[in-house]
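As provided, protein_27.cif (mmCIF, C-alpha atoms) reads as follows.
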data_query
loop_
_atom_site.label_atom_id
_atom_site.label_comp_id
_atom_site.auth_asym_id
_atom_site.auth_seq_id
_atom_site.Cartn_x
_atom_site.Cartn_y
_atom_site.Cartn_z
CA MET J 1 86.70 153.79 138.25
CA ARG J 2 87.61 150.86 140.33
CA ARG J 3 90.31 148.34 139.38
CA GLU J 4 90.69 144.94 140.84
CA TYR J 5 93.94 143.13 140.75
CA GLY J 6 93.24 139.46 140.82
CA LEU J 7 95.36 136.43 140.32
CA ILE J 8 97.23 136.36 137.06
CA ARG J 9 97.10 132.99 135.40
CA GLU J 10 99.97 132.04 133.16
CA TYR J 11 99.93 128.97 130.99
CA GLY J 12 102.92 126.95 129.79
CA PHE J 13 105.42 124.33 130.84
CA THR J 14 108.13 124.57 133.42
CA ILE J 15 111.73 124.00 132.46
CA VAL J 16 111.74 120.76 134.46
CA GLU J 17 108.83 119.40 132.45
CA LEU J 18 110.48 120.33 129.15
CA VAL J 19 113.80 118.69 130.12
CA ALA J 20 112.00 115.54 131.28
CA VAL J 21 110.14 115.22 127.96
CA MET J 22 113.36 115.74 125.98
CA VAL J 23 115.22 113.10 128.01
CA ILE J 24 112.44 110.54 127.59
CA THR J 25 112.18 111.27 123.85
CA GLY J 26 115.95 110.85 123.48
CA ILE J 27 115.93 107.50 125.27
CA VAL J 28 113.06 106.17 123.16
CA ALA J 29 114.74 107.36 119.94
CA ALA J 30 118.08 105.78 120.87
CA ILE J 31 116.44 102.42 121.54
CA SER J 32 114.02 102.31 118.62
CA ALA J 33 115.98 104.01 115.81
CA PRO J 34 118.21 101.01 114.95
CA ARG J 35 115.11 98.89 114.46
CA PHE J 36 113.74 101.26 111.82
CA VAL J 37 116.96 102.12 110.01
CA GLY J 38 118.81 99.12 108.62
CA VAL J 39 121.52 99.84 106.07
CA ASP J 40 121.39 96.30 104.72
CA ALA J 41 117.79 96.63 103.57
CA PHE J 42 118.57 99.90 101.79
CA GLU J 43 121.57 98.34 100.06
CA ALA J 44 119.48 95.39 98.84
CA ARG J 45 116.83 97.75 97.47
CA GLY J 46 119.52 99.90 95.90
CA SER J 47 121.14 96.90 94.21
CA TYR J 48 117.74 95.84 92.87
CA ALA J 49 117.08 99.32 91.45
CA THR J 50 120.59 99.51 89.94
CA LEU J 51 120.15 96.19 88.14
CA VAL J 52 116.67 97.10 86.86
CA SER J 53 117.91 100.44 85.55
CA ALA J 54 120.93 98.82 83.86
CA LEU J 55 118.70 96.29 82.07
CA ARG J 56 116.27 98.99 80.96
CA TYR J 57 119.12 101.22 79.79
CA ALA J 58 120.58 98.34 77.77
CA GLN J 59 117.23 97.76 76.12
CA LYS J 60 116.64 101.43 75.34
CA THR J 61 120.16 101.83 73.97
CA ALA J 62 119.68 98.80 71.72
CA VAL J 63 116.45 100.24 70.33
CA ALA J 64 117.93 103.72 69.86
CA GLN J 65 121.06 102.45 68.09
CA ARG J 66 119.36 99.55 66.28
CA ARG J 67 122.00 97.05 67.37
CA ILE J 68 122.43 94.37 70.01
CA VAL J 69 123.45 95.58 73.46
CA TYR J 70 124.45 93.06 76.11
CA ALA J 71 124.05 93.31 79.88
CA ASN J 72 126.66 91.12 81.50
CA VAL J 73 125.76 90.40 85.12
CA SER J 74 128.59 88.81 87.07
CA THR J 75 127.08 86.97 90.03
CA ALA J 76 130.50 86.35 91.59
CA SER J 77 131.75 89.94 91.62
CA ARG J 78 128.26 91.50 91.73
CA THR J 79 128.95 93.81 88.79
CA VAL J 80 126.88 94.80 85.78
CA CYS J 81 128.44 96.04 82.56
CA LEU J 82 126.84 97.00 79.29
CA GLY J 83 128.54 96.42 75.98
CA TYR J 84 128.15 95.75 72.28
CA THR J 85 129.80 92.35 72.79
CA SER J 86 128.80 89.72 75.33
CA SER J 87 132.06 90.22 77.23
CA CYS J 88 131.64 94.03 77.39
CA SER J 89 134.95 94.46 75.57
CA SER J 90 133.28 97.16 73.48
CA ALA J 91 131.48 99.06 76.22
CA VAL J 92 128.38 101.20 76.13
CA ILE J 93 129.08 104.71 77.42
CA ASP J 94 127.46 105.71 80.72
CA PRO J 95 125.80 109.10 80.15
CA ALA J 96 126.47 110.17 83.74
CA THR J 97 130.22 109.50 83.79
CA GLN J 98 131.09 109.43 80.06
CA ALA J 99 133.03 106.22 80.79
CA ALA J 100 132.24 102.54 80.24
CA TYR J 101 128.90 101.59 81.77
CA SER J 102 129.76 99.43 84.76
CA LYS J 103 127.99 99.28 88.11
CA THR J 104 128.96 97.42 91.26
CA LEU J 105 126.17 96.12 93.47
CA SER J 106 126.35 95.91 97.25
CA ASN J 107 128.59 93.35 98.96
CA ASN J 108 125.63 92.48 101.19
CA VAL J 109 123.57 90.82 98.44
CA THR J 110 123.72 87.57 96.54
CA ILE J 111 122.63 87.50 92.92
CA THR J 112 121.45 84.61 90.79
CA ALA J 113 120.77 84.84 87.08
CA SER J 114 119.06 82.39 84.75
CA THR J 115 120.76 83.90 81.70
CA THR J 116 123.97 85.88 81.59
CA PRO J 117 124.86 87.76 79.55
CA ILE J 118 121.52 88.87 78.25
CA GLY J 119 121.29 90.98 75.13
CA PHE J 120 118.63 93.15 73.58
CA ASP J 121 118.21 93.46 69.82
CA GLY J 122 117.23 96.56 67.84
CA LEU J 123 113.55 95.95 68.62
CA GLY J 124 114.15 95.58 72.37
CA ARG J 125 113.67 91.80 72.39
CA PRO J 126 115.93 89.68 74.59
CA VAL J 127 118.79 87.69 73.06
CA PRO J 128 118.41 84.72 73.51
CA ASN J 129 114.66 85.04 73.08
CA ALA J 130 113.64 83.48 76.39
CA THR J 131 112.41 84.71 79.74
CA ALA J 132 115.32 85.64 82.00
CA THR J 133 115.15 86.06 85.75
CA PHE J 134 117.51 87.69 88.21
CA THR J 135 117.08 87.36 91.96
CA ILE J 136 118.64 89.54 94.61
CA GLN J 137 118.75 88.30 98.20
CA ASN J 138 119.98 90.21 101.22
CA ALA J 139 122.93 88.14 102.48
CA VAL J 140 123.00 89.80 105.90
CA VAL J 141 119.29 89.49 106.68
CA PRO J 142 118.13 86.29 104.90
CA SER J 143 114.59 86.68 106.27
CA GLU J 144 114.10 89.73 104.07
CA SER J 145 112.09 88.94 100.96
CA THR J 146 113.87 88.04 97.75
CA ARG J 147 113.59 90.56 94.95
CA THR J 148 113.07 89.14 91.46
CA ILE J 149 113.61 90.87 88.13
CA THR J 150 112.05 89.27 85.07
CA VAL J 151 112.85 90.04 81.44
CA GLU J 152 109.95 88.79 79.33
CA ALA J 153 110.55 86.78 76.17
CA GLU J 154 109.45 88.34 72.84
CA THR J 155 108.89 91.84 74.30
CA GLY J 156 111.92 92.31 76.55
CA TYR J 157 109.71 93.94 79.18
CA VAL J 158 111.76 94.37 82.38
CA ARG J 159 109.76 94.05 85.58
#
Starting from the file, give its structure as structure tokens.
Amino acid sequence: MRREYGLIREYGFTIVELVAVMVITGIVAAISAPRFVGVDAFEARGSYATLVSALRYAQKTAVAQRRIVYANVSTASRTVCLGYTSSCSSAVIDPATQAAYSKTLSNNVTITASTTPIGFDGLGRPVPNATATFTIQNAVVPSESTRTITVEAETGYVR
């Protein structure tokens, strides 16, 4: 039986090629990552979600307890508190912390409100019975779109 030893072909990358690709990838990531990850945009979205959830929680608590629950949104201090009085002196309990329901929104947003405080009656309708709007604008990046929250009259639907 005859054996021939020919050229052995090996496939793969050299260490120089691997290092070059890693260096180029690192440079591209260092330059482009700040463009994709902006903390300000996340904070604006987070503030929007916090306000929406506070309004919905106020409405659901009012329906569950069959009494008026107020959401007091302070545009100056960017805080939201829920209470059985319009001043939040008798606070709704936050189920997560077992303390008074109060949330602070990001310092990087500005908030405007057409009606504050807004209450919800035992049927979930807004008090006063009128459409209320809240807008959240990113104060650091004004070109970012404004987020608007609307509480519908008669139904209290929060969108």
* Contacts of Ala113 in chain J at 8 Å (only C-alpha atoms; same-chain gap of 3+ positions) as a PyMOL selection string -> chain J and resi 73+75+116+132-135
* **Sel. within 12 Å of pt (131.0, 93.8, 76.1), counting only C-alpha atoms, output as a ChimeraX atom specification** => /J:58,68-73,80-93,100-102,116-119
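Counting from CA of Ser145 in chain J, the distance to CA of Lys103 in chain J is 22.9 Å.
Distance-wise, CA of Ser143 in chain J and CA of Arg56 in chain J end up 28.2 Å apart.
CA of Ser77 in chain J to CA of Ile136 in chain J spans 13.5 Å [interatomic distance, one decimal].
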* Asked: Taking into account all atoms listed in the file, which residue in the set J:Leu18, J:Ala139, J:Ala130, J:Ala54 is nearest to Asn108 in chain J?
  -> J:Ala139
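In terms of minimum interatomic distance to Gln137 in chain J, J:Ala44 ranks closest within J:Ala64, J:Leu105, J:Val151, J:Ala44, counting all atoms listed in the file.
Comparing J:Gln59, J:Asn107, J:Ser74, J:Gln65 by their smallest distance to Ser47 in chain J, the closest is J:Asn107 (using only C-alpha atoms).
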* Asked: Could you pull the residues within 10 Å of Thr155 in chain J, counting only C-alpha atoms, minus those fewer than 2 positions along the same chain, as a PyMOL selection string?
  -> chain J and resi 120+123-126+129-131+151-153+157-158
